[in-house]
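J.: The structure follows.
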Amino acid sequence: MTDSDYFEHIHKFREARDERFRINPQSWLTLVGLFHLEPGDNNFGADKVNRIVVETCAQAYCGSFYLENGSVTLKTLPDSSLTLNDQPPQERALHSDHDDAPDLIRVGSLLMIVLLRGKEHYLRVWDLQSPAILEFTGLKYFPIDPAYRIESRFIPYDPPRDIQIWDVVGAESSSQLAGEIHFTLEGVDCRLVAEDSGNELLFSFTDLTRADVTYPGGRFLTVEKPRDNRVVLDFNLAVNWPCAYTDFATCPLPPTENHLPVRIEAGEMRYRDH
């Protein structure tokens with residue numbers, strides 16, 4: 001790949017990410033709410049008397065998410081404008097994001113689904129008219145620097161190692177570490193562990209730029225699993241976790257092993273103040 005081809009590849013990658021943010025109705029920029037569901041009725045609407053208040057909701061009272069025995073049931077009024085999967089709502093247990101096809105609730109410009117994090121249930125809410133998406137002009141990146149395209153030997157773990165990953169709402173989940181890589185940057189020896197992510201390796205990390213110019217919660221990279229134990233880690237392709245754009249995401253935190261003691265001035269920069 002020539003230098004011009006390489007720069008064009010990175011530019012196209014970044015342009016495609018911007019476009020996905022613009023056209024996806026359930027992007028991180030349209031996300032406006034994350035509500036913990038308590039046992040019993042969780043009524044919702046624009047009126048402040050509701051347990052879940054969404055000020056941009058089209059109705060003062062839209063219905064209730066009833067949580068009982070680990071299951072969430074949607075309850076609505078006969079004259080509600082709410083739809084379930086674009087059909088008139090049925091009073092039944094809802095499929096969460098852990099199911100193959102989570103149920104999508106729509107009312108006015110709002111979209112909602114039920115999340116399961118650990119044993120806790122949450123309601124995630126998007127607004128297609130969110131100021132964050134209406135004012136979106138593009139993501140922020142460091143200038144492309146080929147010096148941050150690093151080839152390294154991948155050291156697989158045999159067998160893979162179990163690891164517990166925490167997210168920003170305090171939920172814990174299990175993952176597996178597939179192996180690790182070692183490299184030198186700015187004269188500093190660095191090491192990253194890789195999570196097994198299907199056909200890919202996931203490198204979730206932080207570096208010293210988190211103090212001033214990148215998202216403090218970390219960034220990540222994915223690469224195809226290598227056949228010859230050689231990986232190319234291109235930090236120009238590093239991107240933010242969703243919590244960089246919204247307070248209502250539930251991002252995983254990078255493993256403690258992946259706090260790099262150097263500045264990685266490549267890839268995506270901080271999108272907003274934290």
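Order determines the names: the first chain of the structure tokens is A, the second B, and so forth; residues in each chain are numbered 1 upward, and ligands are numbered 1 upward as they are shown.
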Pick out the residues sitting within 12 Å of Pro159 in chain A, and hand them over as JSON, numbers by chain; count only C-alpha atoms, and ignore anything fewer than 6 positions along from it in its own chain.
T.: {"A": [176, 177, 178, 179, 196]}
J.: Could you list, as a list in words, every residue within 9 Å of Asp228 in chain A, counting only C-alpha atoms and ignoring same-chain residues fewer than 2 positions away?
T.: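 Here the qualifying residues turn out to be Arg153, Phe154, Pro226, Arg230 and Val231 of chain A.
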J.: Extract, using only C-alpha atoms, all DNA, RNA and protein residues at most 8 Å from range 246-257 of chain A, discarding same-chain residues fewer than 4 positions from it, and format them as a list in words.
T.: Trp28, Leu29, Leu31, Val32, Gly33, Leu34, Arg124, Ile165, Trp166, Asp167, Val168, Val169, Arg191, Leu192, Val193, Ser204, Phe205, Thr206, Gly217, Gly218, Trp241 and Pro242 of chain A
J.: Go ahead and save the picked residues with C-alpha atoms, as a PDB file, in the first residue's frame.
T.:
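Result file follows (part36.pdb):
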ATOM      1  CA  TRP A  28     -25.072   7.460  20.339  1.00  0.00           C
ATOM      2  CA  LEU A  29     -25.887  11.080  19.464  1.00  0.00           C
ATOM      3  CA  LEU A  31     -29.405   8.657  22.893  1.00  0.00           C
ATOM      4  CA  VAL A  32     -31.083  10.846  25.536  1.00  0.00           C
ATOM      5  CA  GLY A  33     -31.910   8.608  28.488  1.00  0.00           C
ATOM      6  CA  LEU A  34     -30.972   5.560  30.531  1.00  0.00           C
ATOM      7  CA  ARG A 124     -32.747   3.113  26.908  1.00  0.00           C
ATOM      8  CA  ILE A 165     -14.976  -6.748  32.689  1.00  0.00           C
ATOM      9  CA  TRP A 166     -16.746  -3.925  34.518  1.00  0.00           C
ATOM     10  CA  ASP A 167     -18.815  -1.266  32.817  1.00  0.00           C
ATOM     11  CA  VAL A 168     -19.605   2.323  33.768  1.00  0.00           C
ATOM     12  CA  VAL A 169     -22.879   1.420  35.533  1.00  0.00           C
ATOM     13  CA  ARG A 191       1.989  -4.426  26.376  1.00  0.00           C
ATOM     14  CA  LEU A 192      -1.684  -4.889  25.472  1.00  0.00           C
ATOM     15  CA  VAL A 193      -3.942  -7.853  26.169  1.00  0.00           C
ATOM     16  CA  SER A 204      -9.462  -1.726  24.719  1.00  0.00           C
ATOM     17  CA  PHE A 205      -6.966   0.751  26.153  1.00  0.00           C
ATOM     18  CA  THR A 206      -6.194   4.084  27.722  1.00  0.00           C
ATOM     19  CA  GLY A 217     -12.731   6.270  29.642  1.00  0.00           C
ATOM     20  CA  GLY A 218     -10.558   4.832  26.908  1.00  0.00           C
ATOM     21  CA  TRP A 241     -16.256   3.995  23.355  1.00  0.00           C
ATOM     22  CA  PRO A 242     -19.876   5.262  23.132  1.00  0.00           C
TER      23      PRO A 242
END
J.: Report the residues of range 38-72 of chain A whose backbone DSSP state falls under strand (DSSP E or B), written as a list in words.
T.: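 Assigned to strand (DSSP E or B), within range 38-72 of chain A: Gly40, Asp41, Asn42, Asn43, Phe44, Gly45, Ile52, Val53, Gly63, Ser64, Phe65, Tyr66, Leu67, Glu68, Ser71 and Val72 of chain A.
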J.: If I take CA of Ile133 in chain A and CA of Arg22 in chain A, how far is one from the other in Å, to one decimal?
T.: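 Going from CA of Ile133 in chain A over to CA of Arg22 in chain A, I get 7.1 Å.
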J.: Using only C-alpha atoms, which of the listed residues (A:Ile52, A:Ala171, A:Leu237, A:Leu208) sits closest to Lys119 in chain A?
T.: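 So, comparing all the options, the nearest one is A:Ala171.
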J.: Go through range 85-174 of chain A and collect every residue that DSSP, computed from the backbone, puts in helix (DSSP H, G or I); the answer should be as a list in words.
T.: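 The helix (DSSP H, G or I) residues within range 85-174 of chain A come out as Pro131, Ala132, Ile133, Leu134, Pro146, Ala147 and Tyr148 of chain A.
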J.: Taking 2 positions as the minimum chain separation for residues in the same chain, which residues sit within 9 Å of range 77-92 of chain A when counting only C-alpha atoms? Answer as JSON, numbers by chain.
T.: {"A": [58, 59, 61, 62, 63, 72, 73, 74, 75, 94, 103, 104, 105, 106, 107, 108]}
J.: With 8 Å as the cut-off and only C-alpha atoms counted, what is the closest atom pair between each nearby residue of range 85-203 of chain A and range 259-270 of chain A? Distances in Å to one decimal, ordered by chain and number, as a Markdown table.
T.:
| residue | atom | partner | partner_atom | distance |
| --- | --- | --- | --- | --- |
| A:Leu139 | CA | A:Glu268 | CA | 7.6 |
| A:Lys140 | CA | A:Met269 | CA | 5.3 |
| A:Tyr141 | CA | A:Glu268 | CA | 4.3 |
| A:Phe142 | CA | A:Ala266 | CA | 5.1 |
| A:Pro143 | CA | A:Ala266 | CA | 6.9 |
| A:Ile144 | CA | A:Ala266 | CA | 6.7 |
| A:Asp145 | CA | A:Ala266 | CA | 6.8 |
| A:Tyr148 | CA | A:Ala266 | CA | 6.8 |
| A:Leu185 | CA | A:Val262 | CA | 7.5 |
| A:Glu186 | CA | A:Val262 | CA | 7.6 |
| A:Val188 | CA | A:Val262 | CA | 7.3 |
| A:Cys190 | CA | A:Leu260 | CA | 6.6 |
| A:Arg191 | CA | A:Leu260 | CA | 7.6 |
J.: Can you tell me how far CA of Leu233 in chain A sits from CA of Ser197 in chain A, in Å to one decimal?
T.: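 About the pair CA of Leu233 in chain A and CA of Ser197 in chain A: they are 15.6 Å apart.
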J.: Of the residues A:Thr214, A:Thr137, A:Asn42, A:Asn258, which is the one nearest to Asp18 in chain A, using only C-alpha atoms?
T.: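 Smallest distance to Asp18 in chain A is found for A:Thr137.
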J.: Which of these, A:Glu55, A:Glu180, A:Glu195, A:Asp158, has the shortest distance to Ser130 in chain A once you count only C-alpha atoms?
T.: A:Glu55
J.: Take CA of Ala147 in chain A and CA of Arg227 in chain A and report the distance between them in Å, one decimal.
T.: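 Answer for the CA of Ala147 in chain A to CA of Arg227 in chain A separation: 24.0 Å.
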J.: Between A:Gln26, A:Ser175, A:Thr184, A:Ser96, which residue has the minimum interatomic distance to Leu202 in chain A, considering only C-alpha atoms?
T.: A:Ser175
J.: Just want the 9 Å neighbourhood of His36 in chain A, counted on only C-alpha atoms, with same-chain residues fewer than 6 positions away dropped. Output as a short mmCIF file (atom, residue, chain, number, x, y, z; two decimals) with C-alpha atoms, in the first residue's frame.
T.:
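Dumped everything to part_9.cif:
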data_model
loop_
_atom_site.label_atom_id
_atom_site.label_comp_id
_atom_site.auth_asym_id
_atom_site.auth_seq_id
_atom_site.Cartn_x
_atom_site.Cartn_y
_atom_site.Cartn_z
CA ILE A 52 -39.50 8.00 34.27
CA GLU A 120 -30.53 -5.13 36.45
CA HIS A 121 -33.01 -3.85 33.86
CA TYR A 122 -32.80 -0.42 32.24
CA LEU A 123 -34.80 1.56 29.71
#
J.: With a distance cut-off of 7 Å and only C-alpha atoms, select the neighbouring residues of Glu224 in chain A, excluding the residue or stretch itself and same-chain residues fewer than 6 positions from it, and output the selection as a count of residues only.
T.: 3
